[in-house]
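See below for work.cif, which holds mmCIF, C-alpha atoms and all ligand atoms.
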data_start
loop_
_atom_site.label_atom_id
_atom_site.label_comp_id
_atom_site.auth_asym_id
_atom_site.auth_seq_id
_atom_site.Cartn_x
_atom_site.Cartn_y
_atom_site.Cartn_z
CA MET C 48 29.99 -25.23 12.62
CA SER C 49 30.52 -21.73 11.30
CA LEU C 50 27.59 -19.46 10.58
CA ALA C 51 28.29 -19.66 6.87
CA SER C 52 28.34 -23.45 6.68
CA GLY C 53 25.28 -23.63 8.95
CA TRP C 54 23.48 -21.30 6.55
CA LEU C 55 24.43 -23.46 3.61
CA ALA C 56 23.59 -26.78 5.20
CA ALA C 57 20.37 -25.94 7.02
CA PRO C 58 17.86 -25.31 4.22
CA ALA C 59 17.72 -28.84 2.85
CA ALA C 60 17.09 -30.27 6.29
CA ARG C 61 14.46 -27.61 6.99
CA SER C 62 12.80 -28.23 3.67
CA VAL C 63 12.44 -31.94 4.46
CA ARG C 64 11.23 -31.27 8.01
CA LEU C 65 8.53 -28.79 7.00
CA GLY C 66 7.54 -30.35 3.72
CA TYR C 67 7.35 -27.12 1.78
CA ALA C 68 9.42 -25.83 -1.06
CA LEU C 69 11.94 -23.12 -0.29
CA PRO C 70 12.47 -20.41 -2.87
CA ASP C 71 14.68 -21.56 -5.66
CA PHE C 72 17.10 -18.95 -6.93
CA GLY C 73 19.95 -19.59 -9.27
CA CYS C 74 22.54 -18.74 -6.61
CA LEU C 75 21.35 -21.67 -4.48
CA ALA C 76 21.52 -24.27 -7.21
CA ASP C 77 24.78 -25.90 -6.15
CA ARG C 78 23.90 -26.47 -2.51
CA ARG C 79 24.89 -29.86 -1.16
CA ASP C 80 23.14 -32.09 1.32
CA PRO C 81 25.42 -32.21 4.39
CA GLN C 82 24.99 -35.99 4.90
CA SER C 83 24.97 -37.43 1.39
CA GLY C 84 26.97 -34.70 -0.32
CA THR C 85 24.52 -34.79 -3.20
CA ALA C 86 23.17 -31.63 -4.75
CA TRP C 87 19.99 -30.43 -3.12
CA ALA C 88 17.02 -29.80 -5.38
CA PRO C 89 14.07 -27.89 -4.00
CA GLU C 90 10.82 -29.79 -3.85
CA GLU C 91 8.06 -28.95 -6.28
CA PRO C 92 5.20 -27.08 -4.65
CA SER C 93 2.01 -29.09 -4.41
CA ARG C 94 -0.26 -28.80 -7.43
CA GLN C 95 -3.23 -30.68 -6.06
CA LEU C 96 -6.53 -29.72 -7.57
CA VAL C 97 -10.03 -30.47 -6.42
CA SER C 98 -12.55 -29.74 -9.14
CA GLY C 99 -10.16 -27.28 -10.75
CA ARG C 100 -9.77 -25.29 -7.52
CA PRO C 101 -6.53 -25.53 -5.55
CA ILE C 102 -6.91 -26.98 -2.08
CA LEU C 103 -5.85 -24.79 0.81
CA SER C 104 -2.23 -25.61 1.48
CA ARG C 105 -1.97 -25.22 5.24
CA ALA C 106 1.34 -24.21 6.80
CA LYS C 107 2.71 -23.48 3.37
CA MET C 108 4.84 -20.44 3.80
CA ASP C 109 4.06 -17.20 2.20
CA LEU C 110 6.62 -15.94 -0.28
CA VAL C 111 8.06 -13.11 1.79
CA LEU C 112 7.98 -15.05 5.04
CA SER C 113 9.80 -18.04 3.57
CA ILE C 114 12.48 -15.83 2.03
CA ALA C 115 12.94 -13.92 5.29
CA ASP C 116 13.17 -17.18 7.24
CA TYR C 117 15.47 -18.77 4.72
CA TYR C 118 18.01 -15.98 4.48
CA PHE C 119 17.85 -14.37 7.87
CA PHE C 120 15.63 -15.54 10.73
CA THR C 121 16.39 -19.26 10.73
CA PRO C 122 20.18 -19.09 10.35
CA TYR C 123 20.79 -15.99 12.47
CA ILE C 124 17.93 -15.13 14.81
CA TYR C 125 15.63 -17.86 16.09
CA PRO C 126 16.77 -20.96 18.00
CA ALA C 127 16.94 -24.05 15.78
CA THR C 128 14.37 -25.73 18.03
CA TRP C 129 11.64 -23.22 17.07
CA PRO C 130 9.81 -24.62 14.01
CA GLU C 131 9.27 -22.23 11.12
CA ASP C 132 5.55 -23.03 11.00
CA ASN C 133 4.98 -22.14 14.66
CA ILE C 134 2.18 -19.56 14.71
CA PHE C 135 3.84 -17.24 17.25
CA ARG C 136 7.11 -17.28 15.35
CA GLN C 137 5.22 -16.52 12.12
CA ALA C 138 3.36 -13.64 13.82
CA ILE C 139 6.59 -12.09 15.15
CA THR C 140 8.38 -12.45 11.81
CA LEU C 141 5.42 -11.02 9.89
CA LEU C 142 5.24 -8.07 12.29
CA ILE C 143 8.93 -7.29 11.75
CA VAL C 144 8.81 -7.81 7.97
CA THR C 145 5.56 -5.85 7.51
CA ASN C 146 6.81 -2.86 9.51
CA LEU C 147 10.18 -2.89 7.80
CA GLY C 148 8.55 -3.12 4.37
CA ALA C 149 6.05 -0.34 5.15
CA PHE C 150 8.73 2.02 6.47
CA ILE C 151 11.06 1.36 3.52
CA LEU C 152 8.23 1.84 1.00
CA TYR C 153 6.98 4.98 2.72
CA PHE C 154 10.31 6.72 3.16
CA PHE C 155 11.80 5.64 -0.17
CA PHE C 156 8.90 6.57 -2.44
CA ALA C 157 7.58 9.55 -0.45
CA THR C 158 11.11 11.05 -0.32
CA LEU C 159 11.65 10.49 -4.05
CA SER C 160 8.26 12.03 -4.77
CA TYR C 161 8.85 14.96 -2.39
CA TYR C 162 12.15 15.91 -4.03
CA PHE C 163 11.46 15.04 -7.67
CA VAL C 164 7.69 15.35 -8.21
CA TYR C 165 6.11 17.52 -5.54
CA ASP C 166 5.87 21.19 -6.45
CA HIS C 167 7.37 23.04 -3.48
CA LEU C 168 5.52 26.19 -4.49
CA LEU C 169 2.47 24.57 -2.86
CA MET C 170 4.16 25.09 0.51
CA LYS C 171 3.49 28.81 0.10
CA HIS C 172 -0.26 28.17 0.09
CA PRO C 173 -1.96 29.86 3.08
CA GLN C 174 -3.47 26.54 4.14
CA PHE C 175 -0.09 24.80 4.24
CA LEU C 176 0.57 24.27 7.94
CA LYS C 177 3.60 25.26 9.94
CA ASN C 178 6.12 22.37 10.09
CA GLN C 179 3.65 20.34 8.05
CA VAL C 180 6.14 17.90 6.51
CA SER C 181 7.64 16.89 9.85
CA ARG C 182 4.14 16.62 11.33
CA GLU C 183 3.01 14.36 8.47
CA ILE C 184 6.08 12.16 8.95
CA THR C 185 5.63 11.99 12.73
CA HIS C 186 1.97 11.09 12.33
CA SER C 187 2.77 8.34 9.79
CA VAL C 188 5.62 6.89 11.84
CA GLN C 189 3.43 6.74 14.94
CA SER C 190 0.49 5.19 13.08
CA MET C 191 2.12 2.58 10.87
CA PRO C 192 3.16 0.14 13.67
CA TRP C 193 -0.41 0.17 15.06
CA MET C 194 -1.86 -0.29 11.57
CA SER C 195 0.41 -3.29 11.11
CA ILE C 196 -1.12 -5.27 14.02
CA PRO C 197 -4.52 -6.09 12.45
CA THR C 198 -2.79 -6.30 9.04
CA VAL C 199 -0.43 -8.99 10.35
CA LEU C 200 -3.36 -10.99 11.76
CA LEU C 201 -4.77 -11.14 8.21
CA PHE C 202 -1.34 -11.95 6.73
CA LEU C 203 -1.12 -14.76 9.29
CA LEU C 204 -4.40 -16.25 8.03
CA GLU C 205 -3.09 -15.95 4.46
CA VAL C 206 0.24 -17.54 5.34
CA ARG C 207 -1.47 -20.41 7.13
CA GLY C 208 -3.48 -21.25 4.07
CA TYR C 209 -6.92 -19.81 4.78
CA SER C 210 -6.95 -17.55 1.73
CA ARG C 211 -7.17 -18.42 -1.97
CA LEU C 212 -3.63 -17.23 -2.69
CA TYR C 213 -1.74 -19.63 -4.95
CA ASP C 214 1.78 -19.84 -6.25
CA GLY C 215 1.65 -21.74 -9.53
CA ILE C 216 0.27 -20.40 -12.81
CA GLY C 217 -0.53 -23.99 -13.81
CA GLU C 218 -2.95 -24.37 -10.88
CA PHE C 219 -5.73 -22.81 -12.93
CA PRO C 220 -7.20 -23.92 -16.24
CA TYR C 221 -6.87 -20.46 -17.80
CA GLY C 222 -3.34 -19.83 -16.46
CA TRP C 223 -1.96 -16.50 -17.67
CA PHE C 224 -5.34 -15.22 -18.83
CA GLN C 225 -6.70 -15.73 -15.32
CA LEU C 226 -3.66 -13.98 -13.87
CA VAL C 227 -4.19 -10.85 -16.01
CA ALA C 228 -7.94 -10.92 -15.32
CA SER C 229 -7.22 -11.12 -11.58
CA VAL C 230 -5.19 -7.89 -11.75
CA LEU C 231 -8.13 -6.06 -13.36
CA SER C 232 -10.68 -7.55 -11.00
CA PHE C 233 -8.46 -6.77 -7.97
CA LEU C 234 -8.22 -3.10 -9.05
CA PHE C 235 -11.99 -2.90 -9.69
CA PHE C 236 -12.93 -4.68 -6.44
CA THR C 237 -10.60 -2.67 -4.21
CA ASP C 238 -11.46 0.65 -5.90
CA MET C 239 -15.17 0.00 -5.29
CA LEU C 240 -14.80 -0.98 -1.63
CA ILE C 241 -12.33 1.78 -0.79
CA TYR C 242 -14.77 4.32 -2.22
CA TRP C 243 -17.57 3.16 0.07
CA ILE C 244 -15.34 2.69 3.12
CA HIS C 245 -13.82 6.15 2.60
CA ARG C 246 -17.27 7.66 2.12
CA GLY C 247 -18.44 5.88 5.29
CA LEU C 248 -15.48 7.36 7.18
CA HIS C 249 -16.86 10.80 6.35
CA HIS C 250 -20.07 10.01 8.21
CA LYS C 251 -20.50 12.37 11.15
CA LEU C 252 -20.59 9.49 13.65
CA VAL C 253 -17.00 8.42 12.88
CA TYR C 254 -15.40 11.29 10.96
CA LYS C 255 -13.99 13.31 13.85
CA ARG C 256 -12.65 10.31 15.71
CA LEU C 257 -11.18 8.36 12.79
CA HIS C 258 -10.77 10.25 9.54
CA LYS C 259 -10.27 13.87 10.52
CA PRO C 260 -6.56 13.41 11.31
CA HIS C 261 -5.97 12.73 7.61
CA HIS C 262 -7.81 15.92 6.63
CA ILE C 263 -5.68 18.17 8.82
CA TRP C 264 -3.48 18.51 5.75
CA LYS C 265 -5.46 20.63 3.29
CA ILE C 266 -2.48 20.86 0.94
CA PRO C 267 -0.94 17.42 1.46
CA THR C 268 2.60 16.42 0.58
CA PRO C 269 3.63 12.84 -0.34
CA PHE C 270 4.44 12.32 3.36
CA ALA C 271 0.72 12.70 4.20
CA SER C 272 -0.01 9.52 2.23
CA HIS C 273 0.26 7.29 5.29
CA ALA C 274 -0.65 9.88 7.94
CA PHE C 275 -3.90 8.30 9.15
CA HIS C 276 -5.49 7.28 12.40
CA PRO C 277 -4.31 3.61 12.60
CA LEU C 278 -7.87 2.24 12.38
CA ASP C 279 -8.67 4.54 9.44
CA GLY C 280 -5.54 3.37 7.60
CA PHE C 281 -6.33 -0.28 8.30
CA LEU C 282 -10.00 0.06 7.24
CA GLN C 283 -9.00 1.65 3.95
CA SER C 284 -6.53 -1.19 3.29
CA LEU C 285 -9.09 -3.87 4.19
CA PRO C 286 -10.33 -4.43 0.59
CA TYR C 287 -6.82 -5.57 -0.44
CA HIS C 288 -6.95 -8.27 2.22
CA ILE C 289 -10.55 -9.31 1.64
CA TYR C 290 -9.97 -9.98 -2.07
CA PRO C 291 -7.69 -13.06 -1.77
CA PHE C 292 -10.07 -14.64 0.74
CA ILE C 293 -12.85 -14.54 -1.88
CA PHE C 294 -11.06 -14.84 -5.23
CA PRO C 295 -7.97 -16.80 -6.28
CA LEU C 296 -4.91 -14.58 -6.61
CA HIS C 297 -1.31 -15.36 -7.44
CA LYS C 298 1.04 -14.57 -4.54
CA VAL C 299 3.43 -12.55 -6.69
CA VAL C 300 0.51 -10.56 -8.16
CA TYR C 301 -0.77 -9.93 -4.65
CA LEU C 302 2.60 -8.72 -3.39
CA SER C 303 3.15 -6.54 -6.49
CA LEU C 304 -0.30 -4.95 -6.25
CA TYR C 305 0.16 -4.37 -2.52
CA ILE C 306 3.38 -2.47 -3.23
CA LEU C 307 1.68 -0.66 -6.15
CA VAL C 308 -1.25 0.58 -4.03
CA ASN C 309 1.18 2.04 -1.51
CA ILE C 310 3.00 3.88 -4.31
CA TRP C 311 -0.35 5.00 -5.77
CA THR C 312 -1.39 6.34 -2.36
CA ILE C 313 1.81 8.39 -2.29
CA SER C 314 1.21 9.56 -5.87
CA ILE C 315 -2.27 10.99 -5.17
CA HIS C 316 -0.67 13.20 -2.50
CA ASP C 317 2.25 14.33 -4.65
CA GLY C 318 0.89 17.68 -5.83
CA ASP C 319 1.48 16.80 -9.47
CA PHE C 320 -1.95 17.66 -10.83
CA ARG C 321 -1.32 16.52 -14.39
CA VAL C 322 -3.15 13.53 -15.87
CA PRO C 323 -2.68 12.42 -19.50
CA GLN C 324 -5.51 13.93 -21.57
CA LEU C 325 -6.78 10.53 -22.68
CA LEU C 326 -7.04 9.25 -19.08
CA LYS C 327 -8.50 12.42 -17.57
CA PRO C 328 -12.11 11.18 -17.44
CA PHE C 329 -11.13 7.92 -15.72
CA ILE C 330 -8.17 8.39 -13.38
CA ASN C 331 -8.43 9.71 -9.83
CA GLY C 332 -5.14 11.51 -9.43
CA SER C 333 -3.48 14.05 -7.19
CA ALA C 334 -5.68 16.88 -8.53
CA HIS C 335 -8.82 14.98 -7.46
CA HIS C 336 -7.45 13.91 -4.10
CA THR C 337 -6.09 17.33 -3.18
CA ASP C 338 -9.59 18.73 -3.80
CA HIS C 339 -10.87 15.96 -1.55
CA HIS C 340 -8.51 17.15 1.21
CA MET C 341 -9.77 20.72 0.77
CA LEU C 342 -13.46 20.27 -0.01
CA PHE C 343 -14.24 16.96 1.78
CA ASP C 344 -17.43 15.85 0.03
CA TYR C 345 -15.95 15.13 -3.41
CA ASN C 346 -13.62 12.63 -5.05
CA TYR C 347 -13.41 9.87 -2.45
CA GLY C 348 -11.95 7.43 -5.01
CA GLN C 349 -8.58 5.71 -5.08
CA TYR C 350 -7.63 4.81 -8.67
CA PHE C 351 -10.62 5.66 -10.79
CA THR C 352 -13.37 8.27 -10.94
CA LEU C 353 -15.99 5.57 -11.64
CA TRP C 354 -17.50 5.25 -8.16
CA ASP C 355 -17.49 8.99 -7.57
CA ARG C 356 -19.50 9.34 -10.78
CA ILE C 357 -21.89 6.54 -9.76
CA GLY C 358 -22.14 7.87 -6.18
CA GLY C 359 -22.71 11.47 -7.31
CA SER C 360 -19.58 12.79 -5.57
CA PHE C 361 -17.43 13.46 -8.64
CA ARG C 362 -16.16 16.99 -9.09
CA ASN C 363 -13.91 18.07 -11.89
CA PRO C 364 -10.66 19.02 -10.11
CA SER C 365 -10.18 22.73 -9.52
CA SER C 366 -6.66 22.40 -10.94
CA PHE C 367 -8.11 21.26 -14.28
CA GLU C 368 -10.15 24.46 -14.36
CA GLY C 369 -7.32 26.81 -13.45
CA ASN C 370 -8.57 27.38 -9.87
CA GLY C 371 -6.39 24.87 -8.03
CA PRO C 372 -4.11 25.53 -5.06
CA LEU C 373 -1.06 25.93 -7.30
CA ASN C 374 -2.92 28.51 -9.44
CA TYR C 375 -3.79 30.33 -6.25
CA VAL C 376 -0.16 30.46 -5.06
CA LYS C 377 0.95 31.74 -8.47
CA LYS C 378 -1.78 34.40 -8.56
CA MET C 379 -0.88 35.38 -5.01
CA ALA C 380 2.79 35.79 -5.97
CA GLU C 381 1.83 37.78 -9.07
CA GLU C 382 -0.42 40.06 -7.04
CA LYS C 383 2.29 40.57 -4.48
CA HIS C 384 4.77 41.38 -7.20
CA ASN C 385 2.41 43.89 -8.83
CA SER C 386 1.40 45.65 -5.65
CA HIS C 387 4.89 45.46 -4.07
CA GLY C 388 3.72 43.62 -0.98
CA GLY C 389 0.41 42.57 0.45
CA ASN C 390 -1.96 40.40 -1.52
CA GLY C 391 -5.56 41.04 -2.25
CA TYR C 392 -6.68 37.52 -1.44
CA LYS C 393 -8.45 36.43 1.69
CA ASN C 394 -7.23 33.05 2.97
CA GLU C 395 -10.67 31.61 3.30
CA LYS C 396 -11.61 32.39 -0.30
CA LEU C 397 -9.36 30.11 -2.23
CA PHE C 398 -11.49 28.49 -4.84
CA ASN C 399 -12.88 31.01 -7.23
CA GLY C 400 -14.74 32.70 -4.39
CA GLU C 401 -15.85 29.41 -2.83
CA CYS C 402 -15.06 28.99 0.84
CA THR C 403 -13.16 25.86 1.88
CA LYS C 404 -14.43 24.11 4.96
CA THR C 405 -12.42 24.03 8.13
CA GLU C 406 -13.50 20.53 9.24
ZN ZN E 1 -11.45 11.73 3.23
ZN ZN E 2 -5.28 11.77 1.40
#
What does this structure look like when you write it as structure tokens?
Amino acid sequence: MSLASGWLAAPAARSVRLGYALPDFGCLADRRDPQSGTAWAPEEPSRQLVSGRPILSRAKMDLVLSIADYYFFTPYIYPATWPEDNIFRQAITLLIVTNLGAFILYFFFATLSYYFVYDHLLMKHPQFLKNQVSREITHSVQSMPWMSIPTVLLFLLEVRGYSRLYDGIGEFPYGWFQLVASVLSFLFFTDMLIYWIHRGLHHKLVYKRLHKPHHIWKIPTPFASHAFHPLDGFLQSLPYHIYPFIFPLHKVVYLSLYILVNIWTISIHDGDFRVPQLLKPFINGSAHHTDHHMLFDYNYGQYFTLWDRIGGSFRNPSSFEGNGPLNYVKKMAEEKHNSHGGNGYKNEKLFNGECTKTE
């Protein structure tokens, strides 16, 4: 049997063996069962409800895992004798897929942001480190595989049905309304927990060991977005994983929001300090987070300024007041131009006369 015909014939048999529905895409619609020659129709996912709450569907494959198995791992990589719902096989596949996804997301969006959004003038700031971009990339590349290990353990629990992730809008009485509400509650829940976890990471007992590596970059670039100590990075992503174990969440919403938070993390390191006027009081953007990198005790938030305001750590970004790092670089260049060399600024006095901390 050729690889191609094996690929075409295998899914129906696998679907029957495992009792779960494989993804149904238009391009697969005319597949034939190898024995009967009849067209293969994917099974409907289970829609069982117990008191309006979906039962945990054990061994039901996660979206990404089932697609990866379906198109790649089952036909080309693993021996046919290794069942798709074997826990070790799932762990290995998730480890590969998670790392691949993280690296693609990081390099694709951070590179786009670095070339099209990030203001390269910031690299002239006195606190911009030598070879900083390559150091940020090296740090991220070394950390991400370690971060993925505890992450994959949680994904494994989700994939094996221990979370409240679901895959049918019709599984809940309020359908689409519940789906939209879950997006808002996910953002609120994760924003709240990240604030407190991040603030906790600044406690003197753990700061130096765990969080300081992320504060090496006082003037971060988009490539600093994933440059964490692995445990720090994992702890700050924990709220995203906790949510679907407590509240029901659609798998596609979960995956989309997981991708979105990674892009958001890149965006708050992108050196674009503008925020639409209307959203300025609410959104925690790059201006807020760059001040956090420089001043430490302010603006711990992720998406919103809400918890910084409640926790008393909000500070109006220096960039909004004309004293930001970009203003400093511009003033420095102006000064240099006027005095024909040599600037009147001292490196440690960057913020309107306020000293930045060194740790
Ligand atoms: Zn911090
Ligand atoms: Zn940061």
Open item on the list: At a cut-off of 7 Å, using only C-alpha atoms, what residues contact stretch 350-358 of chain C? Leave out same-chain residues fewer than 5 positions from it and give the result as an MDAnalysis selection string.
Closed with: chainID C and resid 238:239 242 329:331
TODO: Can you work out which one of C:Gln283, C:Gln179, C:Ser366, C:Asn309 has the shortest atom-to-atom distance to ligand ZN 1 (chain E), counting only C-alpha atoms and all ligand atoms?
DONE: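 For ligand ZN 1 (chain E), the nearest of the candidates is C:Gln283.
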Kindly provide the residues of stretch 291-398 of chain C that approach stretch 142-156 of chain C to within 8 Å, each paired with its closest atom pair and their distance in Å to one decimal, based on all atoms listed in the file, listed by chain and increasing number, as JSON lines.
{"residue": "C:Ile306", "atom": "CA", "partner": "C:Leu152", "partner_atom": "CA", "distance": 7.7}
{"residue": "C:Asn309", "atom": "CA", "partner": "C:Leu152", "partner_atom": "CA", "distance": 7.5}
{"residue": "C:Ile310", "atom": "CA", "partner": "C:Phe156", "partner_atom": "CA", "distance": 6.7}
{"residue": "C:Ile313", "atom": "CA", "partner": "C:Phe156", "partner_atom": "CA", "distance": 7.3}
Open item on the list: Residues within 9 Å of (6.1, 10.4, 7.0), file coordinates, counting all atoms listed in the file: what are they? Give the list as a ChimeraX atom specification.
Closed with: /C:150,153-154,157-158,180-188,269-274
Near ligand ZN 2 (chain E), 12 Å: chain C residue rows, closest pairs, all atoms listed in the file, as a Markdown table:
| residue | atom | partner | partner_atom | distance |
| --- | --- | --- | --- | --- |
| C:Glu183 | CA | E:ZN2 | ZN | 11.2 |
| C:His245 | CA | E:ZN2 | ZN | 10.3 |
| C:His258 | CA | E:ZN2 | ZN | 9.9 |
| C:Lys259 | CA | E:ZN2 | ZN | 10.6 |
| C:Pro260 | CA | E:ZN2 | ZN | 10.1 |
| C:His261 | CA | E:ZN2 | ZN | 6.3 |
| C:His262 | CA | E:ZN2 | ZN | 7.1 |
| C:Ile263 | CA | E:ZN2 | ZN | 9.8 |
| C:Trp264 | CA | E:ZN2 | ZN | 8.2 |
| C:Lys265 | CA | E:ZN2 | ZN | 9.1 |
| C:Ile266 | CA | E:ZN2 | ZN | 9.5 |
| C:Pro267 | CA | E:ZN2 | ZN | 7.1 |
| C:Thr268 | CA | E:ZN2 | ZN | 9.2 |
| C:Pro269 | CA | E:ZN2 | ZN | 9.1 |
| C:Phe270 | CA | E:ZN2 | ZN | 9.9 |
| C:Ala271 | CA | E:ZN2 | ZN | 6.7 |
| C:Ser272 | CA | E:ZN2 | ZN | 5.8 |
| C:His273 | CA | E:ZN2 | ZN | 8.1 |
| C:Ala274 | CA | E:ZN2 | ZN | 8.2 |
| C:Phe275 | CA | E:ZN2 | ZN | 8.6 |
| C:His276 | CA | E:ZN2 | ZN | 11.9 |
| C:Asp279 | CA | E:ZN2 | ZN | 11.3 |
| C:Gly280 | CA | E:ZN2 | ZN | 10.4 |
| C:Gln283 | CA | E:ZN2 | ZN | 11.1 |
| C:Trp311 | CA | E:ZN2 | ZN | 11.0 |
| C:Thr312 | CA | E:ZN2 | ZN | 7.7 |
| C:Ile313 | CA | E:ZN2 | ZN | 8.7 |
| C:Ser314 | CA | E:ZN2 | ZN | 10.0 |
| C:Ile315 | CA | E:ZN2 | ZN | 7.3 |
| C:His316 | CA | E:ZN2 | ZN | 6.2 |
| C:Asp317 | CA | E:ZN2 | ZN | 10.0 |
| C:Gly318 | CA | E:ZN2 | ZN | 11.2 |
| C:Asn331 | CA | E:ZN2 | ZN | 11.8 |
| C:Gly332 | CA | E:ZN2 | ZN | 10.8 |
| C:Ser333 | CA | E:ZN2 | ZN | 9.1 |
| C:Ala334 | CA | E:ZN2 | ZN | 11.2 |
| C:His335 | CA | E:ZN2 | ZN | 10.1 |
| C:His336 | CA | E:ZN2 | ZN | 6.3 |
| C:Thr337 | CA | E:ZN2 | ZN | 7.2 |
| C:Asp338 | CA | E:ZN2 | ZN | 9.7 |
| C:His339 | CA | E:ZN2 | ZN | 7.6 |
| C:His340 | CA | E:ZN2 | ZN | 6.3 |
| C:Met341 | CA | E:ZN2 | ZN | 10.0 |
| C:Leu342 | CA | E:ZN2 | ZN | 11.9 |
| C:Phe343 | CA | E:ZN2 | ZN | 10.4 |
| C:Asn346 | CA | E:ZN2 | ZN | 10.6 |
| C:Tyr347 | CA | E:ZN2 | ZN | 9.2 |
| C:Gly348 | CA | E:ZN2 | ZN | 10.2 |
| C:Gln349 | CA | E:ZN2 | ZN | 9.5 |
Task: Using all atoms listed in the file: which of C:His384, C:Arg136, C:Arg256, C:Arg211 has the shortest distance to C:Lys298 - done: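 Of C:His384, C:Arg136, C:Arg256, C:Arg211, the one nearest C:Lys298 is C:Arg211, counting all atoms listed in the file.
Going from atom CA of C:Ser365 over to atom CA of C:Met379, you cover 16.3 Å.
Distances to ligand ZN 1 (chain E) were evaluated for C:Pro173, C:Gly359, C:Gly369, C:Gly247 using only C-alpha atoms and all ligand atoms, and the minimum falls at C:Gly247.
Among the candidates C:Phe361, C:Tyr123, C:Trp129, C:Tyr254, the one nearest to ligand ZN 1 (chain E) when counting only C-alpha atoms and all ligand atoms is C:Tyr254.
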